[in-house]
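target.txt follows (compact mmCIF, C-alpha atoms and all ligand atoms):
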```txt
# COMPACT_ATOMS: atom_id res chain seq x y z
CA MET C 877 7.90 -19.01 10.06
CA PRO C 878 10.67 -20.23 12.36
CA SER C 879 9.80 -20.18 16.07
CA ASP C 880 13.29 -20.79 17.34
CA GLN C 881 14.64 -17.29 16.77
CA ASN C 882 14.86 -15.36 19.99
CA SER C 883 15.77 -11.75 20.63
CA PRO C 884 15.86 -11.54 24.40
CA ASN C 885 16.89 -7.90 24.43
CA LYS C 886 13.89 -6.69 22.45
CA LYS C 887 11.83 -4.18 24.39
CA PRO C 888 8.23 -3.52 23.39
CA THR C 889 8.84 0.18 23.92
CA ASP C 890 11.22 0.45 21.00
CA SER C 891 9.64 -2.15 18.75
CA ILE C 892 9.20 -1.34 15.09
CA CYS C 893 6.21 -2.09 12.88
CA LEU C 894 6.56 -2.45 9.11
CA ALA C 895 3.40 -1.68 7.13
CA LEU C 896 2.98 -2.54 3.43
CA SER C 897 0.71 -0.08 1.68
CA GLY C 898 -0.86 0.90 -1.59
CA GLY C 899 -2.64 4.25 -1.76
CA VAL C 900 -5.90 5.25 -0.14
CA GLY C 901 -6.85 2.14 1.92
CA GLY C 902 -3.28 1.57 3.05
CA ALA C 903 -2.72 5.22 3.95
CA LYS C 904 -5.75 5.22 6.25
CA LEU C 905 -4.32 2.44 8.42
CA ALA C 906 -0.81 3.87 8.15
CA LEU C 907 -2.14 7.12 9.66
CA GLY C 908 -3.61 5.20 12.61
CA LEU C 909 -0.33 3.36 13.11
CA ASN C 910 1.56 6.65 12.81
CA HIS C 911 -0.46 8.10 15.67
CA LEU C 912 0.56 5.22 17.90
CA LEU C 913 4.12 4.63 16.77
CA ALA C 914 5.56 7.77 15.09
CA GLU C 915 9.30 7.05 14.54
CA GLN C 916 8.70 3.36 15.26
CA LEU C 917 6.60 2.96 12.12
CA HIS C 918 8.14 2.04 8.78
CA VAL C 919 5.87 2.18 5.73
CA MET C 920 6.80 0.50 2.46
CA ALA C 921 4.66 1.66 -0.44
CA ASN C 922 3.85 0.12 -3.79
CA THR C 923 5.66 1.82 -6.66
CA SER C 924 4.38 -0.24 -9.58
CA ASP C 925 1.68 2.43 -10.17
CA ASP C 926 4.48 4.91 -10.84
CA PHE C 927 4.80 6.39 -14.27
CA THR C 928 6.42 9.21 -16.18
CA HIS C 929 3.95 11.84 -17.28
CA LEU C 930 4.81 15.14 -18.93
CA GLY C 931 8.46 14.37 -18.12
CA LEU C 932 7.72 14.04 -14.39
CA ASN C 933 8.27 11.02 -12.13
CA ILE C 934 4.87 10.45 -10.51
CA CYS C 935 4.55 8.02 -7.57
CA PRO C 936 0.82 7.95 -6.73
CA ASP C 937 0.90 5.53 -3.78
CA LEU C 938 4.00 7.00 -2.14
CA ASP C 939 2.45 10.45 -2.43
CA THR C 940 -0.94 9.37 -1.06
CA VAL C 941 0.76 7.87 2.00
CA MET C 942 3.12 10.84 2.36
CA TYR C 943 0.37 13.45 2.15
CA THR C 944 -1.84 11.41 4.51
CA LEU C 945 0.89 11.01 7.14
CA ALA C 946 1.61 14.74 6.87
CA THR C 947 -2.18 15.34 7.19
CA ILE C 948 -2.16 17.56 4.11
CA ASN C 949 -4.06 15.12 1.88
CA ASN C 950 -7.16 16.17 -0.03
CA LYS C 951 -10.03 14.40 1.73
CA GLU C 952 -12.68 15.42 -0.79
CA LEU C 953 -10.82 14.10 -3.85
CA GLY C 954 -9.23 11.13 -2.04
CA TRP C 955 -5.90 11.91 -3.73
CA GLY C 956 -3.54 14.87 -4.01
CA LEU C 957 -3.13 17.82 -1.65
CA ALA C 958 -5.63 19.84 0.34
CA ASN C 959 -6.24 23.48 -0.60
CA GLU C 960 -5.22 22.74 -4.17
CA SER C 961 -5.54 25.04 -7.18
CA TRP C 962 -5.55 24.00 -10.83
CA GLN C 963 -4.01 26.78 -12.91
CA PHE C 964 -1.34 24.46 -14.34
CA MET C 965 -4.04 22.07 -15.60
CA ASP C 966 -6.03 24.94 -17.12
CA ALA C 967 -2.94 26.20 -18.94
CA LEU C 968 -2.07 22.68 -20.09
CA GLU C 969 -5.53 22.20 -21.53
CA GLN C 970 -5.22 25.47 -23.40
CA LEU C 971 -2.03 24.11 -24.99
CA ASN C 972 -3.96 20.98 -26.09
CA GLN C 973 -1.78 18.76 -23.92
CA PRO C 974 -3.02 15.55 -22.21
CA HIS C 975 -4.99 16.51 -19.12
CA TRP C 976 -6.60 13.21 -18.06
CA PHE C 977 -4.15 12.85 -15.18
CA ARG C 978 -4.86 15.78 -12.86
CA LEU C 979 -1.86 17.48 -11.29
CA GLY C 980 -2.67 20.29 -8.88
CA ASP C 981 -0.41 23.33 -8.63
CA ARG C 982 0.86 22.44 -5.15
CA ASP C 983 1.16 18.73 -5.94
CA LEU C 984 3.29 19.66 -8.94
CA ALA C 985 6.04 20.85 -6.59
CA THR C 986 6.42 17.28 -5.28
CA HIS C 987 6.78 15.80 -8.77
CA VAL C 988 9.16 18.48 -9.99
CA THR C 989 11.33 18.07 -6.87
CA ARG C 990 11.33 14.27 -7.09
CA THR C 991 12.16 14.32 -10.80
CA GLU C 992 15.07 16.70 -10.25
CA LEU C 993 16.47 14.80 -7.25
CA LEU C 994 16.30 11.52 -9.19
CA ARG C 995 17.99 13.23 -12.14
CA GLN C 996 20.79 14.27 -9.79
CA GLY C 997 21.41 10.59 -9.01
CA ASN C 998 19.54 10.12 -5.73
CA THR C 999 17.68 6.86 -5.21
CA LEU C 1000 13.90 6.86 -4.84
CA SER C 1001 14.37 5.92 -1.15
CA GLN C 1002 16.62 8.96 -0.62
CA VAL C 1003 14.21 11.26 -2.45
CA THR C 1004 11.24 9.93 -0.47
CA GLN C 1005 13.12 10.47 2.77
CA GLN C 1006 13.95 14.07 1.84
CA LEU C 1007 10.36 14.83 0.87
CA SER C 1008 8.91 13.15 4.00
CA GLN C 1009 11.31 14.98 6.29
CA ALA C 1010 10.49 18.31 4.66
CA LEU C 1011 6.80 17.59 5.37
CA GLY C 1012 7.53 16.79 9.02
CA ILE C 1013 6.71 13.06 8.85
CA LYS C 1014 8.18 11.16 11.77
CA SER C 1015 7.62 7.64 10.40
CA THR C 1016 10.01 6.23 7.83
CA LEU C 1017 8.43 5.99 4.38
CA PHE C 1018 10.14 4.21 1.51
CA PRO C 1019 9.38 2.54 -1.83
CA MET C 1020 9.29 -1.25 -2.35
CA THR C 1021 12.20 -1.01 -4.81
CA GLU C 1022 14.55 1.55 -6.30
CA GLN C 1023 14.04 0.08 -9.77
CA SER C 1024 11.30 0.88 -12.21
CA VAL C 1025 8.36 -1.58 -12.18
CA ALA C 1026 5.11 -0.98 -14.07
CA THR C 1027 1.74 -2.64 -13.58
CA PHE C 1028 -0.23 -3.61 -16.66
CA VAL C 1029 -3.69 -5.11 -16.64
CA ARG C 1030 -4.64 -7.64 -19.29
CA LEU C 1031 -7.92 -6.99 -21.01
CA GLU C 1032 -10.35 -9.78 -21.92
CA ASN C 1033 -8.80 -10.11 -25.38
CA GLY C 1034 -5.37 -10.49 -23.75
CA SER C 1035 -4.01 -7.10 -24.75
CA PRO C 1036 -2.12 -5.12 -22.09
CA LEU C 1037 -3.16 -1.72 -20.73
CA ALA C 1038 -0.86 0.45 -18.60
CA PHE C 1039 -2.19 0.80 -15.07
CA GLN C 1040 -2.84 4.57 -14.97
CA GLU C 1041 -4.58 4.37 -18.34
CA TYR C 1042 -6.85 1.72 -16.82
CA PHE C 1043 -7.25 3.28 -13.37
CA VAL C 1044 -7.50 6.99 -14.14
CA LYS C 1045 -8.12 7.48 -17.87
CA GLN C 1046 -10.60 4.64 -18.31
CA GLN C 1047 -11.89 4.70 -14.70
CA CYS C 1048 -11.41 0.89 -14.34
CA GLU C 1049 -14.19 0.30 -16.86
CA PRO C 1050 -12.60 -2.40 -19.06
CA LYS C 1051 -13.00 -5.97 -17.87
CA ILE C 1052 -9.68 -7.57 -17.03
CA SER C 1053 -8.44 -11.13 -17.31
CA GLY C 1054 -5.20 -10.63 -15.38
CA TYR C 1055 -2.32 -8.29 -14.53
CA TYR C 1056 1.45 -8.30 -14.50
CA PHE C 1057 4.32 -6.20 -13.25
CA GLN C 1058 6.76 -5.27 -15.99
CA GLY C 1059 10.36 -5.18 -14.78
CA ILE C 1060 9.66 -7.04 -11.52
CA ASP C 1061 12.18 -9.84 -12.16
CA ALA C 1062 15.03 -7.36 -12.44
CA ALA C 1063 13.95 -5.41 -9.35
CA GLY C 1064 15.33 -5.83 -5.84
CA PRO C 1065 14.09 -4.74 -2.41
CA SER C 1066 14.71 -1.09 -1.58
CA GLN C 1067 17.30 -0.02 0.95
CA GLY C 1068 14.49 0.95 3.31
CA PHE C 1069 13.13 -2.59 3.25
CA LEU C 1070 16.56 -4.14 3.81
CA ASP C 1071 17.17 -1.80 6.76
CA SER C 1072 13.76 -2.61 8.30
CA ILE C 1073 13.97 -6.36 7.91
CA GLN C 1074 17.46 -6.42 9.42
CA ASP C 1075 16.46 -4.19 12.34
CA SER C 1076 16.35 -6.32 15.49
CA ARG C 1077 13.49 -4.15 16.80
CA LEU C 1078 11.08 -5.28 14.02
CA CYS C 1079 8.15 -6.90 15.89
CA SER C 1080 5.14 -6.74 13.55
CA ILE C 1081 4.47 -6.71 9.82
CA ILE C 1082 1.11 -5.48 8.58
CA LEU C 1083 -0.38 -5.81 5.10
CA CYS C 1084 -2.69 -2.79 5.02
CA PRO C 1085 -6.22 -3.10 3.52
CA SER C 1086 -4.99 -2.14 0.06
CA ASN C 1087 -5.88 -3.73 -3.26
CA PRO C 1088 -4.39 -7.26 -2.92
CA PHE C 1089 -3.70 -7.59 -6.66
CA VAL C 1090 -2.27 -4.29 -7.83
CA SER C 1091 -1.11 -2.68 -4.56
CA ILE C 1092 0.15 -5.44 -2.23
CA GLU C 1093 1.00 -8.13 -4.81
CA PRO C 1094 3.61 -5.98 -6.61
CA ILE C 1095 5.38 -5.41 -3.27
CA LEU C 1096 5.32 -9.13 -2.47
CA SER C 1097 6.51 -9.92 -6.01
CA VAL C 1098 9.77 -7.99 -5.68
CA PRO C 1099 12.29 -10.84 -5.61
CA GLY C 1100 13.39 -11.48 -2.02
CA ILE C 1101 10.62 -9.59 -0.21
CA THR C 1102 8.10 -12.39 0.46
CA ALA C 1103 10.82 -14.83 1.51
CA ALA C 1104 12.31 -12.27 3.90
CA LEU C 1105 8.89 -11.51 5.42
CA THR C 1106 7.92 -15.18 5.72
CA ASN C 1107 11.22 -16.15 7.32
CA HIS C 1108 11.24 -13.21 9.74
CA PRO C 1109 10.10 -14.14 13.24
CA ALA C 1110 7.76 -11.14 13.50
CA PRO C 1111 4.09 -12.05 12.88
CA VAL C 1112 2.60 -10.99 9.55
CA ILE C 1113 -0.98 -9.73 9.67
CA ALA C 1114 -3.29 -8.59 6.87
CA VAL C 1115 -6.43 -6.48 7.08
CA SER C 1116 -9.17 -7.29 4.58
CA PRO C 1117 -10.01 -4.51 2.10
CA ILE C 1118 -13.32 -6.28 1.42
CA ILE C 1119 -16.13 -5.70 3.91
CA ALA C 1120 -19.41 -7.61 3.53
CA GLY C 1121 -18.57 -8.51 -0.07
CA GLN C 1122 -17.79 -4.96 -1.14
CA ALA C 1123 -14.70 -2.81 -1.61
CA VAL C 1124 -14.82 0.49 0.25
CA LYS C 1125 -13.36 2.24 -2.80
CA GLY C 1126 -11.70 1.38 -6.09
CA PRO C 1127 -11.71 -1.69 -8.33
CA THR C 1128 -10.78 -4.49 -5.86
CA ALA C 1129 -14.26 -6.09 -5.85
CA LYS C 1130 -14.70 -5.67 -9.60
CA MET C 1131 -11.31 -7.29 -10.20
CA MET C 1132 -12.16 -10.22 -7.92
CA GLN C 1133 -15.34 -10.87 -9.88
CA GLU C 1134 -13.57 -10.64 -13.22
CA LEU C 1135 -10.81 -12.94 -11.97
CA ASN C 1136 -13.47 -15.44 -10.79
CA MET C 1137 -12.59 -15.24 -7.11
CA PRO C 1138 -15.11 -15.44 -4.26
CA LEU C 1139 -16.05 -11.83 -3.53
CA SER C 1140 -15.47 -11.80 0.22
CA ALA C 1141 -12.83 -11.42 2.91
CA LEU C 1142 -12.41 -15.21 2.60
CA GLY C 1143 -11.58 -14.73 -1.08
CA VAL C 1144 -8.82 -12.27 -0.08
CA ALA C 1145 -7.41 -14.65 2.58
CA GLU C 1146 -7.49 -17.56 0.11
CA TYR C 1147 -5.72 -15.43 -2.48
CA TYR C 1148 -2.86 -14.55 -0.09
CA GLN C 1149 -2.62 -18.15 1.11
CA LYS C 1150 -2.51 -19.51 -2.46
CA GLN C 1151 0.03 -16.96 -3.71
CA HIS C 1152 2.19 -16.78 -0.60
CA SER C 1153 1.64 -19.91 1.45
CA GLY C 1154 2.75 -19.51 5.05
CA LEU C 1155 3.18 -15.73 4.87
CA LEU C 1156 0.15 -14.69 6.94
CA ASP C 1157 -0.11 -15.48 10.63
CA GLY C 1158 -3.14 -13.30 11.28
CA PHE C 1159 -6.05 -11.85 9.34
CA ILE C 1160 -8.40 -9.09 10.44
CA ILE C 1161 -11.93 -9.05 9.05
CA ASP C 1162 -14.89 -6.82 9.75
CA HIS C 1163 -17.48 -7.72 12.39
CA LYS C 1164 -19.93 -7.98 9.47
CA ASP C 1165 -17.91 -10.93 8.14
CA HIS C 1166 -17.84 -12.78 11.44
CA ALA C 1167 -19.42 -15.89 9.82
CA LEU C 1168 -16.29 -16.33 7.64
CA LYS C 1169 -13.98 -16.69 10.65
CA PRO C 1170 -13.87 -20.53 10.83
CA GLN C 1171 -13.17 -20.90 7.12
CA ILE C 1172 -10.32 -18.37 7.26
CA GLU C 1173 -8.91 -19.98 10.40
CA ALA C 1174 -8.94 -23.29 8.52
CA LEU C 1175 -6.39 -21.71 6.14
CA GLY C 1176 -3.98 -21.60 9.09
CA MET C 1177 -4.36 -17.99 10.23
CA SER C 1178 -5.55 -16.47 13.50
CA VAL C 1179 -8.59 -14.33 12.78
CA LEU C 1180 -9.72 -11.22 14.63
CA THR C 1181 -12.99 -9.46 13.88
CA ALA C 1182 -13.01 -5.68 14.26
CA ASN C 1183 -14.59 -2.54 12.89
CA THR C 1184 -12.43 -2.24 9.78
CA MET C 1185 -14.35 0.64 8.17
CA MET C 1186 -12.05 3.61 8.83
CA ASN C 1187 -14.26 6.65 8.54
CA THR C 1188 -12.75 8.72 11.33
CA LEU C 1189 -9.27 9.22 12.72
CA GLN C 1190 -10.37 7.35 15.84
CA ASP C 1191 -11.43 4.36 13.64
CA ARG C 1192 -7.93 4.32 12.16
CA VAL C 1193 -6.19 4.49 15.52
CA THR C 1194 -8.44 1.81 17.03
CA LEU C 1195 -7.85 -0.57 14.09
CA ALA C 1196 -4.11 0.12 14.31
CA GLU C 1197 -4.21 -0.76 18.03
CA GLN C 1198 -6.01 -4.01 17.21
CA CYS C 1199 -3.42 -4.92 14.57
CA LEU C 1200 -0.58 -4.36 17.05
CA SER C 1201 -2.39 -6.23 19.78
CA LEU C 1202 -3.04 -9.23 17.49
CA ALA C 1203 0.66 -9.19 16.55
CA ALA C 1204 1.65 -9.06 20.23
CA ASN C 1205 -0.71 -11.94 21.08
CA LEU C 1206 0.64 -14.07 18.22
CA THR C 1207 4.18 -13.35 19.32
CA HIS C 1208 3.31 -14.33 22.87
CA GLU C 1209 1.28 -17.44 21.92
CA HIS C 1210 3.79 -18.84 19.47
CA GLY C 1211 6.96 -17.52 21.11
CA LEU C 1212 7.84 -15.99 17.77
CA LEU C 1213 10.34 -13.37 18.89
P1 LIG C 1301 -5.18 2.79 -4.23
O1 LIG C 1301 -3.77 2.39 -4.60
O2 LIG C 1301 -5.37 4.27 -4.10
O3 LIG C 1301 -6.24 2.08 -5.01
O4 LIG C 1301 -5.37 2.33 -2.74
P2 LIG C 1301 -5.17 0.99 -1.97
O5 LIG C 1301 -4.82 -0.16 -2.84
O6 LIG C 1301 -4.33 1.26 -0.78
O7 LIG C 1301 -6.63 0.83 -1.40
C1 LIG C 1301 -7.74 0.34 -2.12
C2 LIG C 1301 -8.46 -0.60 -1.21
O8 LIG C 1301 -8.65 0.02 0.07
C3 LIG C 1301 -9.83 -0.97 -1.68
O9 LIG C 1301 -9.87 -2.36 -1.87
C4 LIG C 1301 -10.75 -0.57 -0.52
O10 LIG C 1301 -11.75 -1.53 -0.27
C5 LIG C 1301 -9.81 -0.49 0.64
N1 LIG C 1301 -10.25 0.46 1.65
C6 LIG C 1301 -10.41 1.79 1.52
N2 LIG C 1301 -10.86 2.30 2.69
C7 LIG C 1301 -10.98 1.27 3.56
C8 LIG C 1301 -11.42 1.17 4.91
O11 LIG C 1301 -11.80 2.14 5.57
N3 LIG C 1301 -11.42 -0.08 5.48
C9 LIG C 1301 -11.00 -1.20 4.78
N4 LIG C 1301 -11.04 -2.37 5.41
N5 LIG C 1301 -10.61 -1.13 3.50
C10 LIG C 1301 -10.59 0.09 2.91
```
Could you write out this structure as structure tokens?
Amino acid sequence: MPSDQNSPNKKPTDSICLALSGGVGGAKLALGLNHLLAEQLHVMANTSDDFTHLGLNICPDLDTVMYTLATINNKELGWGLANESWQFMDALEQLNQPHWFRLGDRDLATHVTRTELLRQGNTLSQVTQQLSQALGIKSTLFPMTEQSVATFVRLENGSPLAFQEYFVKQQCEPKISGYYFQGIDAAGPSQGFLDSIQDSRLCSIILCPSNPFVSIEPILSVPGITAALTNHPAPVIAVSPIIAGQAVKGPTAKMMQELNMPLSALGVAEYYQKQHSGLLDGFIIDHKDHALKPQIEALGMSVLTANTMMNTLQDRVTLAEQCLSLAANLTHEHGLL
């Protein structure tokens, strides 16, 4: 990261933070950041989980972040909307149609609206902006790309399996030997990303504690994104989704084992360093992983230990504060901005 770029007119009061997010883990931290920053927060979500189902354009990560920021997310299920009903699914089942991917009646309105707006020629960024504004979200939420990208996991025998089939239909049960993002080479950064990265007020970039392989990696794999983040003077900080050798939710830990990686926050830091050398300036690990600090620092990152288990809203806000404070310290120490 260059240290010779200066923006003397930058005021901390109008600084912007860009957060990269998958679904559940990312949305938790995004909510904490949203409490502190509101309009000054930009969230870029993974869209390689997106798929077309029953003729509808479904964007699971964008919707999880959007519903979470609007505080209308379903906390019991961990996905979808609160106060949901399921008459559409019941009727679908009666018609012998596929019902493995659950779409609540209220949630359906989002997918129908998105599908229609896309059909009318709007970009996914424009559609996301319309939906977020209608839900009263002050932060700017946008996809990683406007193009269609699709994650596939590779099974042990090498055959590909579409991500939602793996994640939802088969509940992450098959062992995997790898993953890839179909269409990624032809994709480009979304307009929202280009606007954020060119905004002189951008002061911190945070990789939320999302799945490093199938939530953050697709974003970083969009041609142009990693280079733009690495070359930007704002510090880039990641929060580990692994705490004391376990994932809080989802297949991250299982994937690390199957991919023969050390199952720890160190394994996550090593992964980012190997894939995207020089990208991360800071890494936040849980207090429980304090012993890993020297080894992660040896990778060339500043390490902060914190309570990274976000059970309550206060946990989310506190962790968000710590991310911003680490970014501010790095900026100050290294004269990055
Ligand atoms: P998905 O797309 O819905 O799977 O969601 P993400 O990729 O955003 O998040 C999945 C990751 O979030 C998992 O690796 C979890 O370990 C991590 N995660 C969930 N909740 C927390 C939390 O409270 N703290 C931390 N550090 N990680 C979390």
Q: Identify, on the basis of all atoms listed in the file, every residue whose closest approach to stretch 944-947 of chain C does not exceed 7 Å; exclude the query and any residue fewer than 3 positions from it along the same chain; express the result as a VMD selection string.
A: chain C and resid 903 907 940 to 941 1011 to 1013
What are the closest atom pairs, with distances in Å to one decimal, for each residue of chain C lying within 6 Å of ligand LIG 1301 (chain C), using only C-alpha atoms and all ligand atoms, rows by chain and rising residue number, as a tab-separated table?
```
residue	atom	partner	partner_atom	distance
C:Ser897	CA	C:LIG1301	O6	5.8
C:Gly898	CA	C:LIG1301	O6	3.6
C:Gly899	CA	C:LIG1301	O4	3.5
C:Val900	CA	C:LIG1301	O4	3.9
C:Gly901	CA	C:LIG1301	O8	3.3
C:Gly902	CA	C:LIG1301	O6	4.0
C:Asp937	CA	C:LIG1301	O1	5.7
C:Pro1085	CA	C:LIG1301	N5	4.8
C:Ser1086	CA	C:LIG1301	O5	3.5
C:Asn1087	CA	C:LIG1301	O5	3.7
C:Ser1091	CA	C:LIG1301	O5	4.8
C:Ser1116	CA	C:LIG1301	N4	5.3
C:Pro1117	CA	C:LIG1301	N5	3.7
C:Ile1118	CA	C:LIG1301	O10	5.3
C:Ala1123	CA	C:LIG1301	O10	3.5
C:Val1124	CA	C:LIG1301	O10	3.7
C:Lys1125	CA	C:LIG1301	C4	4.5
C:Gly1126	CA	C:LIG1301	C3	5.3
C:Thr1128	CA	C:LIG1301	O9	4.6
C:Thr1184	CA	C:LIG1301	N4	4.6
C:Met1185	CA	C:LIG1301	O11	3.9
C:Met1186	CA	C:LIG1301	O11	3.6
C:Asn1187	CA	C:LIG1301	O11	5.9
```
Can you tell me, as a PDB file with C-alpha atoms, in the coordinates of the input, what residues are no more than 12 Å from C:Gln1198 when counting all atoms listed in the file, ignoring any on the same chain fewer than 6 positions away?
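Contents of part.pdb, freshly written:
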```pdb
ATOM      1  CA  LEU C 905      -4.320   2.440   8.420  1.00  0.00           C
ATOM      2  CA  GLY C 908      -3.610   5.200  12.610  1.00  0.00           C
ATOM      3  CA  LEU C 909      -0.330   3.360  13.110  1.00  0.00           C
ATOM      4  CA  LEU C 912       0.560   5.220  17.900  1.00  0.00           C
ATOM      5  CA  ILE C1082       1.110  -5.480   8.580  1.00  0.00           C
ATOM      6  CA  ILE C1113      -0.980  -9.730   9.670  1.00  0.00           C
ATOM      7  CA  ALA C1114      -3.290  -8.590   6.870  1.00  0.00           C
ATOM      8  CA  VAL C1115      -6.430  -6.480   7.080  1.00  0.00           C
ATOM      9  CA  GLY C1158      -3.140 -13.300  11.280  1.00  0.00           C
ATOM     10  CA  PHE C1159      -6.050 -11.850   9.340  1.00  0.00           C
ATOM     11  CA  ILE C1160      -8.400  -9.090  10.440  1.00  0.00           C
ATOM     12  CA  ILE C1161     -11.930  -9.050   9.050  1.00  0.00           C
ATOM     13  CA  ASP C1162     -14.890  -6.820   9.750  1.00  0.00           C
ATOM     14  CA  VAL C1179      -8.590 -14.330  12.780  1.00  0.00           C
ATOM     15  CA  LEU C1180      -9.720 -11.220  14.630  1.00  0.00           C
ATOM     16  CA  THR C1181     -12.990  -9.460  13.880  1.00  0.00           C
ATOM     17  CA  ALA C1182     -13.010  -5.680  14.260  1.00  0.00           C
ATOM     18  CA  ASN C1183     -14.590  -2.540  12.890  1.00  0.00           C
ATOM     19  CA  THR C1184     -12.430  -2.240   9.780  1.00  0.00           C
ATOM     20  CA  ASP C1191     -11.430   4.360  13.640  1.00  0.00           C
ATOM     21  CA  ARG C1192      -7.930   4.320  12.160  1.00  0.00           C
ATOM     22  CA  ALA C1204       1.650  -9.060  20.230  1.00  0.00           C
ATOM     23  CA  ASN C1205      -0.710 -11.940  21.080  1.00  0.00           C
TER      24      ASN C1205
END
```
**Q.** Close residues, C:Asp939 itself excluded, 8 Å, only C-alpha atoms, min 4 positions apart in chain, as a list in words
**A.** Cys935, Tyr943 and Gly956 of chain C
Q: Have a look at C:Glu1146, C:Asp1075, C:Glu1032, C:Glu960 and name the one nearest to C:Asp890; count only C-alpha atoms.
A: C:Asp1075
